[in-house]
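Report on the following structure.
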There are 4 protein chains.
Amino acid sequence: MESQFKPSDDGYEAKVRDSFNRQEIMKTVNASILSIQPGEVKLEFPYQTNLTQQHGFIHAGIVATVLDSACGYAAFSLMPKGAAVLSIEFKINFLSPAKGKRFQAVGTVKKPGRNITVTEGELFVHVDGGQKLVTTMVGTMMSVYDREGIEN
Amino acid sequence: MESQFKPSDDGYEAKVRDSFNRQEIMKTVNASILSIQPGEVKLEFPYQTNLTQQHGFIHAGIVATVLDSACGYAAFSLMPKGAAVLSIEFKINFLSPAKGKRFQAVGTVKKPGRNITVTEGELFVHVDGGQKLVTTMVGTMMSVYDREGIEN
Amino acid sequence: MESQFKPSDDGYEAKVRDSFNRQEIMKTVNASILSIQPGEVKLEFPYQTNLTQQHGFIHAGIVATVLDSACGYAAFSLMPKGAAVLSIEFKINFLSPAKGKRFQAVGTVKKPGRNITVTEGELFVHVDGGQKLVTTMVGTMMSVYDREGIEN
Amino acid sequence: MESQFKPSDDGYEAKVRDSFNRQEIMKTVNASILSIQPGEVKLEFPYQTNLTQQHGFIHAGIVATVLDSACGYAAFSLMPKGAAVLSIEFKINFLSPAKGKRFQAVGTVKKPGRNITVTEGELFVHVDGGQKLVTTMVGTMMSVYDREGIEN
């Protein structure tokens, strides 16, 4: 699929990958990058007991963690060189419990902007014969320019 | 402080503590219970490198994780015996980056109900001379009765 | 387009239309029904000076009003006979100001449920050669059974 | 009550009042200003049949309309001279149906910022002996500088 967005930074893939690799939490949840397109990032992660809530499902906040990174990097992929990305806010709906062996988080840009980028995220669980949607997110991301301590 | 809510289950504190102890993710983030009141639960957790995003702050999703548990257990404390709690949705605003050594998450019930409970959460970072608010959450929690695989 | 949902109430279209006709606010904003499918309702309304904010655009809350009705009725179309629908909560993102002559609000069901239905809404403005997306909504709707004063 | 915020624009009250008076929708819903403090704006409006949903309550979107204006003007009151205010997004929870004769919307700033201001809103209905909270909002407002067609 061809992306609908033109990245302003040719090095968008490398910068997303670099930043992702600096997110220590992604190692803790064993998340990896499936694909990086302009305005769309797919991550995946496996079920792990140490990420569960009281019923043995993946905790809502961990679902939020991976979706937030997918959405943030989808936004980041379209930002100009030198901009960093921060989450301003997100909203997440849990359609079904996150139970399964393997999860895919898809973050996409709904509306890019110089300062504000609106994104959407969907979490799928792998099931026999396909994928099942279990969570949706809407997140607002901010481009940060020249702020100390906040780079890429 | 006296709580404004009367719990319908006298064993509210024990059941919150039991359920919290079964959340493996709480061990992963080293969260502990500060207090349990009817309709209000306080948790705390320390800074850990393995929970960080690319700028070295606690990842937005981990902030969401602890706030979601605080809010969920605040709701759970008011639920009748036999009900379990699930997050339907939440919305979170990041007022400042979660940077600091120690964080406190406060979940409170805004409106209890038989099926739906609306909660609010606030994350504070310990700073010299007090606490600074860094994140706010609004979460909608559902009471689940008699559903297989979902207990307490 | 064939709907992916099977309505449990054969009279879904008539009941949506009846309920819509009882929403006095829909007359105030001059909204009308474009289409009713199982799980999808489209409404439209024209620009009116008496609905504007300070810059002469349609007020954010009026956008929310029509989207909430579209989403609520999308949910209602899948509810069993005798259920009424209430909005529990929604979240709305304003991608661009609502400026234009004619607006279309599309509400769709993302996940139906006996008690809780998750919906999405999109507001489009008619522009030369097509439609432009200006607002997105995610709304959680509740089926209400046998509650006094709340019918259909 | 003394406000915790210092407005950067001494003319904050006049500019809020001027902008409010240009919101035609406020006349349509018969809203009026109760008070303007730095970072806090209170509005009120009466029940009107032409604002109702199908059960005869004030429509959720009209509740959102007045809360959004209260929150937006709370943010605007702290913005520098020359800035205009736009809603980026909001999330609203309906704790009870908006039924009653008179409603008060209180918008407050939770975190001001040069570009982004986070606000909270609460809608109360007047009942015997006081006020009852029926709705809560969290809204993110943007300061807009030098954009054509968007002033104050």
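Letters for chains follow the order of the structure tokens (A, B, ...), residue numbers begin at 1 for each chain, and ligand numbers begin at 1 in the order shown.
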
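The environment of Glu148 of chain B within 12 Å, counting only C-alpha atoms and disregarding residues fewer than 5 places along the same chain, consists of His55 of chain A; Ala83 and Ala84 of chain B.
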
Generate a file of the selected residues that holds C-alpha atoms, formatted as a PDB file, in the first residue's frame.
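As written to disk, selection16.pdb reads:
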```
ATOM      1  CA  HIS A  55      -7.449 -11.962  35.256  1.00  0.00           C
TER       2      HIS A  55
ATOM      3  CA  ALA B  83     -18.424  -8.151  41.037  1.00  0.00           C
ATOM      4  CA  ALA B  84     -15.236  -7.886  39.017  1.00  0.00           C
TER       5      ALA B  84
END
```

Within 10 Å of chain A: each chain D residue with its shortest pair, only C-alpha atoms, as a tab-separated table:
```
residue	atom	partner	partner_atom	distance
D:Ile88	CA	A:Ile116	CA	8.8
D:Glu89	CA	A:Thr140	CA	8.6
D:Lys91	CA	A:Lys91	CA	8.4
D:Asn115	CA	A:Asn115	CA	9.0
D:Ile116	CA	A:Ile88	CA	8.8
D:Val118	CA	A:Ile88	CA	9.6
D:Thr140	CA	A:Glu89	CA	8.6
D:Met142	CA	A:Ile116	CA	9.6
```

| Which parts of chain D does DSSP call alpha helix (DSSP H) when run on the backbone here, written out as a count of residues only? | 33

| message | So that I can check the secondary structure, give me every residue of segment 64-122 of chain D assigned strand (DSSP E) by backbone DSSP, as a ChimeraX atom specification. | response | /D:83-94,102-111,116-122

What lies within 9 Å of Lys101 of chain D using only C-alpha atoms, ignoring chain neighbours under 4 positions off, as an mmCIF file with N, CA and C atoms, in the first residue's frame?
```cif
data_model
loop_
_atom_site.group_PDB
_atom_site.id
_atom_site.type_symbol
_atom_site.label_atom_id
_atom_site.label_comp_id
_atom_site.auth_asym_id
_atom_site.auth_seq_id
_atom_site.Cartn_x
_atom_site.Cartn_y
_atom_site.Cartn_z
ATOM 1 N N PHE D 45 -27.270 28.496 31.939
ATOM 2 C CA PHE D 45 -28.318 28.513 30.914
ATOM 3 C C PHE D 45 -29.521 27.752 31.443
ATOM 4 N N PRO D 46 -30.700 28.119 30.947
ATOM 5 C CA PRO D 46 -31.941 27.500 31.432
ATOM 6 C C PRO D 46 -32.341 26.310 30.558
ATOM 7 N N TYR D 47 -33.166 25.463 31.080
ATOM 8 C CA TYR D 47 -33.818 24.425 30.283
ATOM 9 C C TYR D 47 -34.633 25.080 29.178
ATOM 10 N N GLN D 48 -34.548 24.504 27.994
ATOM 11 C CA GLN D 48 -35.391 24.965 26.877
ATOM 12 C C GLN D 48 -35.796 23.733 26.091
ATOM 13 N N VAL D 125 -26.574 20.950 37.868
ATOM 14 C CA VAL D 125 -27.971 21.342 37.776
ATOM 15 C C VAL D 125 -28.403 21.849 39.158
ATOM 16 N N HIS D 126 -29.186 22.904 39.138
ATOM 17 C CA HIS D 126 -29.705 23.442 40.392
ATOM 18 C C HIS D 126 -30.775 22.504 40.941
ATOM 19 N N VAL D 127 -30.597 22.067 42.159
ATOM 20 C CA VAL D 127 -31.614 21.243 42.814
ATOM 21 C C VAL D 127 -31.910 21.874 44.172
#
```
